[in-house]
Amino acid sequence: LKPRKARIRSANSTARAAPDTPDMALLQHIRAARLIQATAPLRPAAVACRLFASPAAFHAHTDTSGAKAAIGGLQVPVGLGAPLTKRNAGVSVLGCAIAMVAVGGCAQGIGQLFAALVVGMARNPSMKEDLFTYTLIGMGFLEFLAIVVILIAGLLLYSE
């Protein structure tokens, strides 16, 4: 009786087929035949730009002109004119999250602004009113930037 690891290794090595075996060659020929059969009903121009077409073009059968596909009795455009069938929600959430990083930058800027106000008041107490006015103006700019970033993030989140 072989040790357990040796049995697993021998089982894995026999299950895998080398690329030059007849089984693998047969599978490659079947795959090539399926690809040729899938492109047969398409026009030559559609075959040439097949990589740029939407996935809907591969699943629908084209009519004689090849411009539209009949799905359930409806004429639906194929290729780049096809309607968007899948919403990539993960990409929009990722874009929104990256945009929201700027809100953290605004918060950091407000913190540094008030830290500079405290240091400026400690160095020159007579300038307290002027420094506070400048601080409020700077805070207004930062809040405006934060609001714009939140609006852009919302636009990214709910856009298609």
# chains A, B, ... in the order shown; residues from 1 in each chain; ligands from 1

call {"tool": "residues_around", "arguments": {"residues": "segment 140-153 of chain A", "least_positions_apart": "3", "cutoff": "9 Å", "atoms": "only C-alpha atoms", "output": "PyMOL selection string"}}
result
chain A and resi 93+95-100+102-107+109-110+135-137+156-158

call {"tool": "atom_distance", "arguments": {"atom1": "atom CA of Leu117 of chain A", "atom2": "atom CA of Phe132 of chain A"}}
result
6.9 Å

call {"tool": "atom_distance", "arguments": {"atom1": "atom CA of Tyr134 of chain A", "atom2": "atom CA of Gln108 of chain A"}}
result
17.3 Å

call {"tool": "atom_distance", "arguments": {"atom1": "atom CA of Ala89 of chain A", "atom2": "atom CA of Val101 of chain A"}}
result
18.9 Å
